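Participant: Below are the structure tokens for one structure; questions will follow.
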Amino acid sequence: MSIKDDFSSSMTDEVLTDMAGKFFGDRKELENKIGIFREYAEALSEKAAQVNARAAFLNYLLMNRDNAVLFYESLGITPSVFLIAGIISGELLPPFVPSAFTVRGEFVRLAEWAYDRLQRTCDDYMNGNEESDGEDDDKHGDVNYRLLSTMCDLINQDVDKVNEDVMPSQVLYCFKRFNTESDIKECVTGGGTFLGDDCSLNRELAFEKIDFDSFKLKKYPEIPPLSRVKSKIETVCKKLYAQNKEEIRSMMADLKERCKTRLA
């Protein structure tokens, strides 16, 4: 082999190595991004379950659907997404029922506590929470709906770029052009395949865009912090107490016992 042929072969190997590295590297990087997105989506689903649990406890305090609708509408909140029922486990209970001079006062304060927990959890789900109190922290603690939605858009842009810029047929065509033995063999045997941009290889190896809606992640409305609606909560809860005095007294007594049992 002449020096010229040796140099040409070396250059060919380098070009093919770089091309293969980019092709497989870009695809691997995109696969990793999609994998991370799916992990984050699963973590966000767990956060959604926490929001639902907080809403279920608040609705339990409000006793029935009509009262819950009245409560949310009094605060300027569309109630439909929060009208959730569920089993009230010990994890949802406060360490103790907030103290007050009257049962009515205890009921109002407990409703405020439950609303505050719902609002904070909902805000963390939608926007993230920089002031984490350590509760429910994990390796995906910063994931939130808006972040995940943005990630989805960016990854789908990468999907378009990888599918269009580095087509498998183009890479294979370049390899075949540099492979003299393959060319000779195809000429002798009559082999060879058309590798246009619309070939089946490209379609089979193309990445699919992420369908964000398929993950069925709720988009909760922004709800105001407790400090902005505390007086409204007090007003509506006092009204509910006046209309359901005996039922609320019984519920509060039961919750006090359950809190004691939890601490025992």
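A note on labels: chains of the structure tokens are A, B, ... as shown, every chain counts residues from 1, and ligands are counted from 1 in their shown order.
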Show me, as an mmCIF file with N, CA and C atoms, in the first residue's frame, the residues that have an atom within 8 Å of Gly86 (chain A) when counting only C-alpha atoms, minus same-chain residues fewer than 4 positions from it.

Facilitator:
```cif
data_model
loop_
_atom_site.group_PDB
_atom_site.id
_atom_site.type_symbol
_atom_site.label_atom_id
_atom_site.label_comp_id
_atom_site.auth_asym_id
_atom_site.auth_seq_id
_atom_site.Cartn_x
_atom_site.Cartn_y
_atom_site.Cartn_z
ATOM 1 N N ALA A 53 -54.712 13.567 48.008
ATOM 2 C CA ALA A 53 -54.904 13.168 49.405
ATOM 3 C C ALA A 53 -55.204 14.383 50.284
ATOM 4 N N ALA A 56 -58.694 15.437 49.589
ATOM 5 C CA ALA A 56 -59.647 14.490 50.176
ATOM 6 C C ALA A 56 -59.845 14.769 51.666
ATOM 7 N N PHE A 57 -58.761 15.113 52.372
ATOM 8 C CA PHE A 57 -58.894 15.392 53.803
ATOM 9 C C PHE A 57 -59.683 16.680 54.035
#
```

Participant: Taking 5 positions as the minimum chain separation for residues in the same chain, which residues sit within 12 Å of region 223-227 of chain A when counting only C-alpha atoms? Answer as a PyMOL selection string.

Facilitator: chain A and resi 72-73+75-79+81-82+109+111-124+126-127+232-234

Participant: Compile the contact shell of region 144-147 of chain A as a list in words: residues with an atom at most 10 Å away, counting only C-alpha atoms, same-chain residues fewer than 2 positions apart removed.

Facilitator: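 Non-adjacent residues within range: Tyr40, Ala41, Ala43, Leu44, Ser45, Lys47, Ala48, Cys122, Asp123, Asp124, Tyr125, Met126, Asn127, Gly128, Asn129, His140, Gly141, Asp142, Ser149, Thr150, Met151, Cys152, Leu217, Lys218, Lys219 and Tyr220 of chain A.
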
Participant: Output C-alpha atoms of each residue in that selection to a file, as a PDB file, in the first residue's frame.

Facilitator:
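File result21.pdb, as written:
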```
ATOM      1  CA  TYR A  40     -39.796  12.572  36.381  1.00  0.00           C
ATOM      2  CA  ALA A  41     -43.307  11.921  35.078  1.00  0.00           C
ATOM      3  CA  ALA A  43     -42.400  11.147  40.356  1.00  0.00           C
ATOM      4  CA  LEU A  44     -44.867  13.890  39.430  1.00  0.00           C
ATOM      5  CA  SER A  45     -47.690  11.346  39.442  1.00  0.00           C
ATOM      6  CA  LYS A  47     -46.944  14.307  43.832  1.00  0.00           C
ATOM      7  CA  ALA A  48     -50.381  14.431  42.208  1.00  0.00           C
ATOM      8  CA  CYS A 122     -50.531  21.997  44.899  1.00  0.00           C
ATOM      9  CA  ASP A 123     -48.084  24.858  44.380  1.00  0.00           C
ATOM     10  CA  ASP A 124     -45.153  22.466  44.782  1.00  0.00           C
ATOM     11  CA  TYR A 125     -46.702  20.168  42.171  1.00  0.00           C
ATOM     12  CA  MET A 126     -47.266  22.962  39.656  1.00  0.00           C
ATOM     13  CA  ASN A 127     -44.274  25.237  40.249  1.00  0.00           C
ATOM     14  CA  GLY A 128     -41.823  23.524  42.588  1.00  0.00           C
ATOM     15  CA  ASN A 129     -41.041  24.646  46.091  1.00  0.00           C
ATOM     16  CA  HIS A 140     -37.030  13.986  42.273  1.00  0.00           C
ATOM     17  CA  GLY A 141     -38.037  16.583  44.840  1.00  0.00           C
ATOM     18  CA  ASP A 142     -37.702  19.511  42.423  1.00  0.00           C
ATOM     19  CA  SER A 149     -43.981  20.394  30.315  1.00  0.00           C
ATOM     20  CA  THR A 150     -40.942  22.428  29.247  1.00  0.00           C
ATOM     21  CA  MET A 151     -38.765  19.296  29.248  1.00  0.00           C
ATOM     22  CA  CYS A 152     -41.273  17.612  26.953  1.00  0.00           C
ATOM     23  CA  LEU A 217     -50.928  14.526  34.640  1.00  0.00           C
ATOM     24  CA  LYS A 218     -53.430  16.956  36.107  1.00  0.00           C
ATOM     25  CA  LYS A 219     -52.976  20.663  35.585  1.00  0.00           C
ATOM     26  CA  TYR A 220     -54.227  22.173  38.831  1.00  0.00           C
TER      27      TYR A 220
END
```

Participant: Distance CA of Ile87 (chain A)-CA of Arg249 (chain A), one decimal place?

Facilitator: 20.1 Å

Participant: Could you work out how far CA of Val97 (chain A) lies from CA of Leu110 (chain A), giving the answer in Å with one decimal?

Facilitator: 6.6 Å

Participant: Near Leu62 (chain A), counting only C-alpha atoms, which residues have an atom at most 9 Å away, once you skip same-chain residues fewer than 6 positions from it, shown as a PyMOL selection string?

Facilitator: chain A and resi 68+71+111+237+240+248

Participant: Rank A:Asp213, A:Glu222, A:Glu164, A:Asp153 by their smallest atom-to-atom distance to Ile34 (chain A), using only C-alpha atoms, and report the top residue only.

Facilitator: A:Asp153

Participant: With only C-alpha atoms as the basis for distance, which of A:Val108, A:Val51, A:Val103, A:Leu83 is at the shortest distance from Val236 (chain A)?

Facilitator: A:Val108

Participant: Rounded to one decimal in Å, what is the spacing between CA of Lys33 (chain A) and CA of Ile155 (chain A)?

Facilitator: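 Interatomic distance here is 7.1 Å.
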